[in-house]
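Printed here is coords.tsv (TSV, C-alpha atoms and all ligand atoms):
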```
chain	number	residue	atom	x	y	z
A	22	MET	CA	2.14	-4.13	-1.61
A	23	GLY	CA	-0.21	-7.08	-1.47
A	24	LYS	CA	-3.06	-8.96	-3.03
A	25	GLY	CA	-6.29	-7.05	-3.71
A	26	GLY	CA	-8.42	-6.42	-0.63
A	27	THR	CA	-5.85	-7.52	1.96
A	28	GLY	CA	-5.63	-4.13	3.67
A	29	LYS	CA	-2.97	-2.18	1.74
A	30	SER	CA	-4.82	1.13	1.99
A	31	THR	CA	-5.64	0.51	5.65
A	32	VAL	CA	-2.00	-0.22	6.47
A	33	ALA	CA	-0.79	2.76	4.39
A	34	ALA	CA	-3.09	5.07	6.38
A	35	ALA	CA	-2.08	3.49	9.71
A	36	LEU	CA	1.63	3.82	8.90
A	37	GLY	CA	1.08	7.45	7.95
A	38	LEU	CA	-0.74	8.17	11.22
A	39	ALA	CA	1.99	6.44	13.23
A	40	ALA	CA	4.71	8.48	11.49
A	41	VAL	CA	2.84	11.75	12.05
A	42	ARG	CA	2.79	11.07	15.80
A	43	THR	CA	6.60	10.92	15.76
A	44	GLY	CA	6.65	14.42	14.29
A	45	ARG	CA	7.19	13.52	10.65
A	46	ARG	CA	5.58	15.25	7.70
A	47	VAL	CA	4.00	12.47	5.69
A	48	LEU	CA	2.55	12.03	2.22
A	49	ILE	CA	0.47	9.01	1.24
A	50	CYS	CA	0.42	8.37	-2.51
A	51	GLU	CA	-2.48	6.46	-3.98
A	52	ILE	CA	-2.09	5.11	-7.48
A	53	ALA	CA	-4.13	5.24	-10.68
A	54	GLY	CA	-6.79	7.62	-9.45
A	55	ARG	CA	-7.79	5.58	-6.40
A	56	ARG	CA	-8.77	7.41	-3.22
A	57	GLN	CA	-9.42	4.84	-0.50
A	58	VAL	CA	-7.01	6.33	2.01
A	59	TRP	CA	-8.38	9.75	1.22
A	60	ASP	CA	-11.97	8.65	1.82
A	61	ALA	CA	-11.12	6.81	5.05
A	62	LEU	CA	-9.25	9.78	6.50
A	63	ALA	CA	-11.26	12.66	5.13
A	64	GLY	CA	-14.67	11.02	5.14
A	65	GLY	CA	-15.15	11.54	1.41
A	66	ALA	CA	-14.51	15.31	1.55
A	67	ALA	CA	-14.89	16.62	-1.98
A	68	ALA	CA	-11.49	18.10	-2.71
A	69	ASP	CA	-9.27	17.41	-5.71
A	70	PRO	CA	-7.42	14.14	-4.91
A	71	TYR	CA	-4.75	14.90	-7.54
A	72	THR	CA	-3.48	17.82	-5.47
A	73	GLU	CA	-1.36	17.12	-2.40
A	74	THR	CA	-3.69	17.95	0.48
A	75	GLU	CA	-3.28	17.86	4.25
A	76	LEU	CA	-6.08	15.61	5.52
A	77	VAL	CA	-5.05	15.32	9.17
A	78	PRO	CA	-2.42	17.64	10.72
A	79	GLY	CA	0.92	16.53	9.26
A	80	LEU	CA	-0.62	13.85	7.04
A	81	HIS	CA	-1.04	14.61	3.35
A	82	ALA	CA	-2.45	12.51	0.54
A	83	VAL	CA	-2.44	12.60	-3.23
A	84	SER	CA	-3.68	10.34	-5.98
A	85	ILE	CA	-1.16	9.96	-8.77
A	86	ASP	CA	-2.18	10.10	-12.38
A	87	PRO	CA	0.40	9.41	-15.11
A	88	GLU	CA	-0.94	12.03	-17.57
A	89	SER	CA	-0.52	14.89	-15.10
A	90	ALA	CA	2.84	13.46	-14.03
A	91	LEU	CA	3.97	13.62	-17.66
A	92	GLU	CA	2.81	17.23	-17.96
A	93	GLU	CA	4.74	18.21	-14.86
A	94	TYR	CA	7.81	16.37	-16.02
A	95	LEU	CA	7.79	17.93	-19.49
A	96	ARG	CA	7.10	21.39	-18.12
A	97	SER	CA	10.22	21.07	-15.99
A	98	GLN	CA	12.31	19.75	-18.90
A	99	LEU	CA	11.22	21.76	-21.93
A	100	PRO	CA	13.15	24.95	-22.61
A	101	SER	CA	10.09	27.14	-23.22
A	102	ARG	CA	6.58	27.47	-21.93
A	103	ALA	CA	5.34	28.03	-25.53
A	104	LEU	CA	6.71	24.67	-26.65
A	105	PHE	CA	5.06	23.00	-23.69
A	106	GLU	CA	1.67	24.60	-24.50
A	107	LEU	CA	2.02	23.56	-28.13
A	108	LEU	CA	2.62	19.96	-27.14
A	109	ARG	CA	-0.26	20.05	-24.73
A	110	ARG	CA	-2.71	21.37	-27.30
A	111	SER	CA	-1.63	18.69	-29.77
A	112	ARG	CA	-2.76	16.01	-27.27
A	113	MET	CA	0.69	14.58	-27.69
A	114	PHE	CA	0.86	13.67	-23.98
A	115	GLN	CA	-2.00	11.24	-24.09
A	116	TYR	CA	-0.54	9.54	-27.18
A	117	LEU	CA	2.86	9.24	-25.57
A	118	VAL	CA	1.50	7.65	-22.42
A	119	ALA	CA	-0.75	5.30	-24.35
A	120	ALA	CA	1.85	4.24	-26.91
A	121	ALA	CA	5.00	3.42	-24.99
A	122	PRO	CA	4.75	0.13	-23.08
A	123	GLY	CA	5.54	0.67	-19.42
A	124	ALA	CA	5.31	4.46	-19.73
A	125	ARG	CA	2.35	4.70	-17.35
A	126	GLU	CA	4.24	2.73	-14.71
A	127	LEU	CA	7.44	4.73	-15.20
A	128	LEU	CA	5.61	8.04	-14.93
A	129	THR	CA	3.71	6.89	-11.86
A	130	ILE	CA	6.75	5.66	-9.97
A	131	GLY	CA	8.69	8.68	-11.28
A	132	LYS	CA	6.11	10.95	-9.67
A	133	VAL	CA	6.34	8.99	-6.42
A	134	TRP	CA	10.11	9.43	-6.51
A	135	GLU	CA	9.64	13.14	-7.18
A	136	THR	CA	7.43	13.60	-4.11
A	137	ALA	CA	10.15	12.05	-1.95
A	138	GLN	CA	12.91	14.46	-3.04
A	139	LEU	CA	13.90	17.33	-0.78
A	140	ASP	CA	14.40	19.53	-3.83
A	141	ARG	CA	11.30	18.74	-5.84
A	142	PRO	CA	12.39	18.83	-9.48
A	143	TRP	CA	8.93	18.92	-11.13
A	144	THR	CA	6.97	20.95	-8.63
A	145	GLU	CA	7.07	24.68	-8.23
A	146	ALA	CA	5.60	24.78	-4.74
A	147	GLU	CA	8.04	24.06	-1.96
A	148	ARG	CA	6.73	20.86	-0.43
A	149	ARG	CA	8.90	18.45	1.47
A	150	TYR	CA	8.10	15.25	3.27
A	151	ASP	CA	10.01	13.15	5.76
A	152	LEU	CA	8.17	10.02	4.70
A	153	VAL	CA	6.25	9.04	1.58
A	154	VAL	CA	4.00	5.99	1.90
A	155	VAL	CA	2.88	4.38	-1.37
A	156	ASP	CA	-0.40	2.52	-1.38
A	157	ALA	CA	0.50	0.25	-4.30
A	158	PRO	CA	-1.91	-1.48	-6.67
A	159	ALA	CA	-2.35	-5.25	-6.29
A	160	THR	CA	0.79	-7.39	-6.37
A	161	GLY	CA	1.58	-7.96	-10.09
A	162	HIS	CA	0.91	-4.38	-11.02
A	163	GLY	CA	2.75	-3.18	-7.93
A	164	LEU	CA	5.85	-5.11	-8.93
A	165	ALA	CA	5.60	-3.66	-12.45
A	166	LEU	CA	5.80	-0.20	-10.88
A	167	LEU	CA	8.99	-1.06	-9.02
A	168	ASN	CA	10.49	-2.69	-12.11
A	169	ALA	CA	9.55	0.07	-14.54
A	170	PRO	CA	12.62	2.33	-14.15
A	171	ARG	CA	15.02	-0.54	-14.76
A	172	THR	CA	13.18	-2.05	-17.75
A	173	PHE	CA	12.50	1.35	-19.29
A	174	GLY	CA	16.08	2.45	-18.67
A	175	GLU	CA	17.32	-0.63	-20.51
A	176	ILE	CA	15.26	0.02	-23.64
A	177	ALA	CA	15.48	3.82	-23.72
A	178	ARG	CA	17.79	5.10	-26.40
A	179	VAL	CA	17.53	8.69	-25.29
A	180	GLY	CA	20.32	9.55	-22.89
A	181	ARG	CA	18.31	11.77	-20.59
A	182	ILE	CA	15.46	9.33	-20.01
A	183	ARG	CA	17.91	6.54	-19.44
A	184	ARG	CA	19.80	8.61	-16.89
A	185	GLN	CA	16.66	9.66	-15.03
A	186	ALA	CA	15.19	6.15	-15.01
A	187	GLY	CA	18.52	4.93	-13.61
A	188	LYS	CA	18.36	7.51	-10.85
A	189	ILE	CA	14.86	6.40	-9.83
A	190	ASP	CA	15.85	2.73	-9.98
A	191	SER	CA	18.82	3.19	-7.66
A	192	PHE	CA	16.72	5.29	-5.29
A	193	LEU	CA	14.11	2.51	-5.09
A	194	ARG	CA	16.66	-0.20	-4.50
A	195	ASP	CA	18.60	1.64	-1.80
A	196	ARG	CA	17.36	0.37	1.54
A	197	GLN	CA	18.51	3.61	3.18
A	198	ASN	CA	15.74	5.33	1.20
A	199	CYS	CA	13.02	2.79	0.58
A	200	GLY	CA	11.47	-0.27	2.11
A	201	VAL	CA	8.94	-2.64	0.62
A	202	ILE	CA	6.18	-3.76	2.99
A	203	ALA	CA	3.82	-6.58	2.08
A	204	VAL	CA	0.32	-6.78	3.53
A	205	SER	CA	-1.30	-10.19	3.70
A	206	LEU	CA	-4.30	-11.90	5.17
A	207	CYS	CA	-3.56	-15.20	6.83
A	208	GLU	CA	-5.38	-17.28	4.24
A	209	GLU	CA	-4.25	-19.68	1.54
A	210	LEU	CA	-4.31	-17.40	-1.54
A	211	PRO	CA	-3.00	-14.14	-0.04
A	212	VAL	CA	-0.15	-16.03	1.64
A	213	SER	CA	0.80	-17.81	-1.60
A	214	GLU	CA	0.72	-14.49	-3.44
A	215	THR	CA	2.89	-12.85	-0.77
A	216	VAL	CA	5.40	-15.70	-0.92
A	217	GLU	CA	5.58	-15.43	-4.70
A	218	PHE	CA	5.93	-11.67	-4.45
A	219	ALA	CA	8.83	-11.98	-1.99
A	220	GLN	CA	10.57	-14.39	-4.37
A	221	ARG	CA	10.06	-12.19	-7.42
A	222	LEU	CA	11.21	-9.11	-5.50
A	223	ARG	CA	14.42	-10.96	-4.66
A	224	GLU	CA	14.97	-12.26	-8.20
A	225	GLU	CA	13.97	-9.19	-10.17
A	226	MET	CA	15.00	-6.34	-7.89
A	227	ALA	CA	17.50	-7.98	-5.52
A	228	LEU	CA	15.35	-6.67	-2.64
A	229	GLU	CA	14.12	-8.29	0.56
A	230	LEU	CA	10.80	-7.47	2.18
A	231	GLU	CA	11.35	-5.00	4.98
A	232	LEU	CA	8.21	-6.14	6.77
A	233	ILE	CA	5.18	-8.36	6.31
A	234	VAL	CA	1.99	-7.10	7.93
A	235	ALA	CA	-0.26	-10.03	8.79
A	236	ASN	CA	-3.58	-8.25	8.77
A	237	ALA	CA	-6.98	-8.89	10.34
A	238	LEU	CA	-5.96	-11.66	12.73
A	239	LEU	CA	-8.80	-13.08	14.80
A	240	PRO	CA	-8.36	-13.37	18.54
A	241	ASP	CA	-7.89	-16.96	19.65
A	242	ARG	CA	-10.12	-16.95	22.70
A	243	PHE	CA	-9.97	-20.60	23.70
A	244	GLY	CA	-7.34	-23.14	24.56
A	245	GLU	CA	-7.67	-26.73	23.32
A	246	GLN	CA	-9.34	-27.76	26.59
A	247	ASP	CA	-12.00	-25.05	26.26
A	248	ALA	CA	-12.61	-26.07	22.68
A	249	ALA	CA	-12.96	-29.72	23.65
A	250	ALA	CA	-15.44	-28.77	26.37
A	251	LEU	CA	-17.44	-26.73	23.87
A	252	ARG	CA	-17.43	-29.59	21.36
A	253	SER	CA	-18.70	-32.00	23.99
A	254	VAL	CA	-21.83	-29.90	24.63
A	255	ASP	CA	-22.34	-28.86	20.97
A	256	GLY	CA	-25.68	-30.26	19.80
A	257	ALA	CA	-26.68	-31.17	23.34
A	258	ALA	CA	-27.66	-27.63	24.26
A	259	ARG	CA	-31.39	-27.20	24.04
A	260	SER	CA	-31.61	-23.49	23.46
A	261	PRO	CA	-31.01	-22.50	19.81
A	262	ILE	CA	-29.22	-19.37	21.03
A	263	ALA	CA	-26.78	-21.49	23.01
A	264	ARG	CA	-26.30	-23.89	20.06
A	265	ASN	CA	-25.60	-20.98	17.68
A	266	GLY	CA	-23.26	-19.40	20.20
A	267	ILE	CA	-21.31	-22.60	20.64
A	268	SER	CA	-20.95	-23.28	16.94
A	269	ALA	CA	-19.90	-19.66	16.28
A	270	ALA	CA	-17.29	-19.93	19.03
A	271	LEU	CA	-15.96	-23.20	17.59
A	272	ARG	CA	-15.90	-21.79	14.08
A	273	GLU	CA	-13.91	-18.75	15.18
A	274	HIS	CA	-11.54	-20.97	17.14
A	275	SER	CA	-10.85	-23.10	14.09
A	276	ARG	CA	-10.41	-20.05	11.81
A	277	ALA	CA	-8.01	-18.50	14.31
A	278	GLY	CA	-6.05	-21.78	14.35
A	279	ALA	CA	-5.90	-21.86	10.55
A	280	GLN	CA	-4.67	-18.26	10.51
A	281	ARG	CA	-1.83	-19.18	12.89
A	282	ALA	CA	-0.75	-21.97	10.53
A	283	HIS	CA	-0.65	-19.55	7.57
A	284	LEU	CA	1.19	-17.02	9.72
A	285	SER	CA	4.07	-19.40	10.21
A	286	ARG	CA	4.36	-19.85	6.42
A	287	LEU	CA	4.56	-16.07	6.03
A	288	ALA	CA	7.21	-15.76	8.71
A	289	GLU	CA	9.69	-17.64	6.52
A	290	HIS	CA	9.79	-14.68	4.13
A	291	GLY	CA	10.43	-11.66	6.34
A	292	PRO	CA	9.85	-10.04	9.70
A	293	ILE	CA	6.17	-10.14	10.68
A	294	THR	CA	3.93	-7.60	12.36
A	295	GLU	CA	0.45	-8.68	13.37
A	296	LEU	CA	-2.61	-6.47	13.12
A	297	PRO	CA	-5.89	-7.56	14.70
A	298	GLN	CA	-9.22	-7.78	12.97
A	299	VAL	CA	-11.17	-4.68	14.03
A	300	PHE	CA	-14.85	-5.37	14.54
A	301	ALA	CA	-16.42	-2.26	13.05
A	302	PRO	CA	-18.68	-1.84	10.02
A	303	GLU	CA	-16.24	0.66	8.49
A	304	LEU	CA	-12.75	1.79	9.38
A	305	GLY	CA	-12.54	5.54	9.96
A	306	LEU	CA	-10.03	7.77	11.71
A	307	VAL	CA	-10.68	6.22	15.15
A	308	GLU	CA	-10.12	2.61	14.01
A	309	LEU	CA	-7.14	3.58	11.83
A	310	THR	CA	-5.58	5.41	14.78
A	311	PHE	CA	-6.02	2.27	16.89
A	312	LEU	CA	-4.32	0.14	14.19
A	313	SER	CA	-1.55	2.75	13.87
A	314	GLU	CA	-0.84	2.40	17.60
A	315	VAL	CA	-0.58	-1.37	17.29
A	316	LEU	CA	1.78	-0.93	14.34
A	317	GLU	CA	3.86	1.67	16.14
A	318	ARG	CA	4.35	-0.58	19.18
A	319	ALA	CA	5.30	-3.49	16.96
A	320	LEU	CA	7.75	-1.46	14.92
A	401	LIG	N1	-7.49	-5.04	10.44
A	401	LIG	C1	-8.70	-4.86	9.88
A	401	LIG	N2	-9.84	-5.05	10.60
A	401	LIG	C2	-11.05	-4.89	10.06
A	401	LIG	N3	-11.27	-4.53	8.78
A	401	LIG	C3	-10.18	-4.32	8.00
A	401	LIG	C4	-8.85	-4.47	8.50
A	401	LIG	N4	-7.99	-4.19	7.48
A	401	LIG	C5	-8.75	-3.87	6.41
A	401	LIG	N5	-10.07	-3.95	6.71
A	401	LIG	C6	-11.20	-3.69	5.81
A	401	LIG	O1	-11.08	-4.59	4.71
A	401	LIG	C7	-11.42	-3.94	3.49
A	401	LIG	C8	-10.21	-4.00	2.54
A	401	LIG	O2	-9.17	-3.21	3.11
A	401	LIG	P1	-8.35	-2.19	2.20
A	401	LIG	O3	-9.24	-1.32	1.41
A	401	LIG	O4	-7.34	-1.53	3.08
A	401	LIG	O5	-7.63	-3.25	1.25
A	401	LIG	P2	-6.77	-2.96	-0.06
A	401	LIG	O6	-5.71	-4.00	-0.08
A	401	LIG	O7	-6.34	-1.54	-0.07
A	401	LIG	O8	-7.85	-3.23	-1.20
A	401	LIG	P3	-7.69	-2.89	-2.76
A	401	LIG	O9	-6.83	-3.98	-3.33
A	401	LIG	O10	-9.10	-2.93	-3.25
A	401	LIG	O11	-7.07	-1.53	-2.86
A	401	LIG	C9	-11.83	-2.53	3.85
A	401	LIG	O12	-13.21	-2.49	3.99
A	401	LIG	C10	-11.16	-2.30	5.20
A	401	LIG	O13	-11.87	-1.36	5.98
A	402	MG	MG	-6.54	-0.13	-1.55
```
Using structure tokens, write down the structure from this file.
Amino acid sequence: MGKGGTGKSTVAAALGLAAVRTGRRVLICEIAGRRQVWDALAGGAAADPYTETELVPGLHAVSIDPESALEEYLRSQLPSRALFELLRRSRMFQYLVAAAPGARELLTIGKVWETAQLDRPWTEAERRYDLVVVDAPATGHGLALLNAPRTFGEIARVGRIRRQAGKIDSFLRDRQNCGVIAVSLCEELPVSETVEFAQRLREEMALELELIVANALLPDRFGEQDAAALRSVDGAARSPIARNGISAALREHSRAGAQRAHLSRLAEHGPITELPQVFAPELGLVELTFLSEVLERAL
């Protein structure tokens, strides 16, 4: 979980890679048709992202779509194939998903739950995973996913839906099964959003953050003495290259200092793991593997 653009997909991929190295079979679920993890790991290979696919040995990915989740669910629940086909032709599925508030979220998190079961109730193929990593949508929407089984269960009049929503809700809230990880940048807004998320998670779900990943930390290359020495020559250097170099160094030093201050605010809300800023134009398998090794050591 985390604010938009803070590195959720990056951390999801890195966690997956770290788990694969320990011999686990892993599935990464992307939500609402996104495929960032998929593109980073498979280099944009044109396969169907809605089908669970092994991208790296042991590491699978899928993009979850509520309409297909509903089809799978109904196919497993309805007594006859003919009835299912009839419903499908009537476009009833799309209406159902569009009409019931919270249905998209419930179906999405329901599908995530389904992928994590050893006996997969909606899927014919025998696929089992040791770990399912969910690359959640940005904070508010992510929390709505976690909340959906409980809120839907409370309003559902139908016994079966209520029972199944209850099962998913207790699975999500059992720390033996699930952990919520927040990803944050060490900047004002992402930190405030993470703090608010941690509070809402506690109030609404009675859950604590398992881990906060402080992402993209800059190296702090200078001590205060070095910085003071740099400041004393700043402006005095004659060469423009030297002047630019000095001001870039000072700027990075002050950003790194600001990040440390935000980091201590984050640390009040859960155990922290730091990930460095990687200086590369794009993060591919090599950079993600590097980040996964940092994560693995920290964990
Ligand atoms: N530690 C890092 N070092 C360098 N670049 C990073 C790091 N973490 C993430 N990035 C880059 O920052 C950008 C945003 O990261 P990412 O896509 O993982 O964020 P996100 O939270 O999944 O975003 P969205 O909310 O859009 O799904 C990407 O270009 C990614 O490659
Ligand atoms: Mg993402």
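Residues in contact with ligand LIG 401 (chain A) comprise A:Gly25, A:Gly26, A:Thr27, A:Gly28, A:Lys29, A:Ser30, A:Thr31, A:Ala159, A:Asn236, A:Ala237, A:Leu296, A:Pro297, A:Gln298, A:Val299, A:Phe300, A:Glu303, A:Leu304, where contact means an atom-to-atom distance of at most 6 Å counting only C-alpha atoms and all ligand atoms.
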Inset, instruction - Excluding A:Glu273 and residues on its chain fewer than 4 positions from it, collect all residues at most 9 Å away from it, counting only C-alpha atoms, and give them as a ChimeraX atom specification. - result: /A:239-242,268-269,277-278
Legend entry - Among the residues A:Ala169, A:Leu210, A:Met22, A:Leu271, the one that comes closest to ligand MG 402 (chain A) [using all atoms listed in the file]: A:Met22
Inset, instruction - Figure out the distance between atom CA of A:Pro170 and atom CA of A:Leu36, please, to one decimal in Å. - result: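 Between atom CA of A:Leu36 and atom CA of A:Pro170 the gap is 25.6 Å.
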May I have a table of the residues of chain A lying at most 12 Å from ligand MG 402 (chain A), giving each one's closest pair of atoms and their distance in Å to one decimal, counting all atoms listed in the file, ordered by chain and ascending residue number, as CSV?
```
residue,atom,partner,partner_atom,distance
A:Met22,CA,A:MG402,MG,9.6
A:Gly23,CA,A:MG402,MG,9.4
A:Lys24,CA,A:MG402,MG,9.6
A:Gly25,CA,A:MG402,MG,7.3
A:Gly26,CA,A:MG402,MG,6.6
A:Thr27,CA,A:MG402,MG,8.2
A:Gly28,CA,A:MG402,MG,6.6
A:Lys29,CA,A:MG402,MG,5.3
A:Ser30,CA,A:MG402,MG,4.1
A:Thr31,CA,A:MG402,MG,7.3
A:Val32,CA,A:MG402,MG,9.2
A:Ala33,CA,A:MG402,MG,8.8
A:Ala34,CA,A:MG402,MG,10.1
A:Ile49,CA,A:MG402,MG,11.9
A:Cys50,CA,A:MG402,MG,11.0
A:Glu51,CA,A:MG402,MG,8.1
A:Ile52,CA,A:MG402,MG,9.1
A:Ala53,CA,A:MG402,MG,10.9
A:Gly54,CA,A:MG402,MG,11.1
A:Arg55,CA,A:MG402,MG,7.6
A:Arg56,CA,A:MG402,MG,8.0
A:Gln57,CA,A:MG402,MG,5.8
A:Val58,CA,A:MG402,MG,7.4
A:Trp59,CA,A:MG402,MG,10.4
A:Asp60,CA,A:MG402,MG,10.9
A:Ala61,CA,A:MG402,MG,10.6
A:Ser84,CA,A:MG402,MG,11.7
A:Val155,CA,A:MG402,MG,10.4
A:Asp156,CA,A:MG402,MG,6.7
A:Ala157,CA,A:MG402,MG,7.6
A:Pro158,CA,A:MG402,MG,7.0
A:Ala159,CA,A:MG402,MG,8.1
A:Thr160,CA,A:MG402,MG,11.4
A:Gly163,CA,A:MG402,MG,11.7
A:Val204,CA,A:MG402,MG,10.8
```
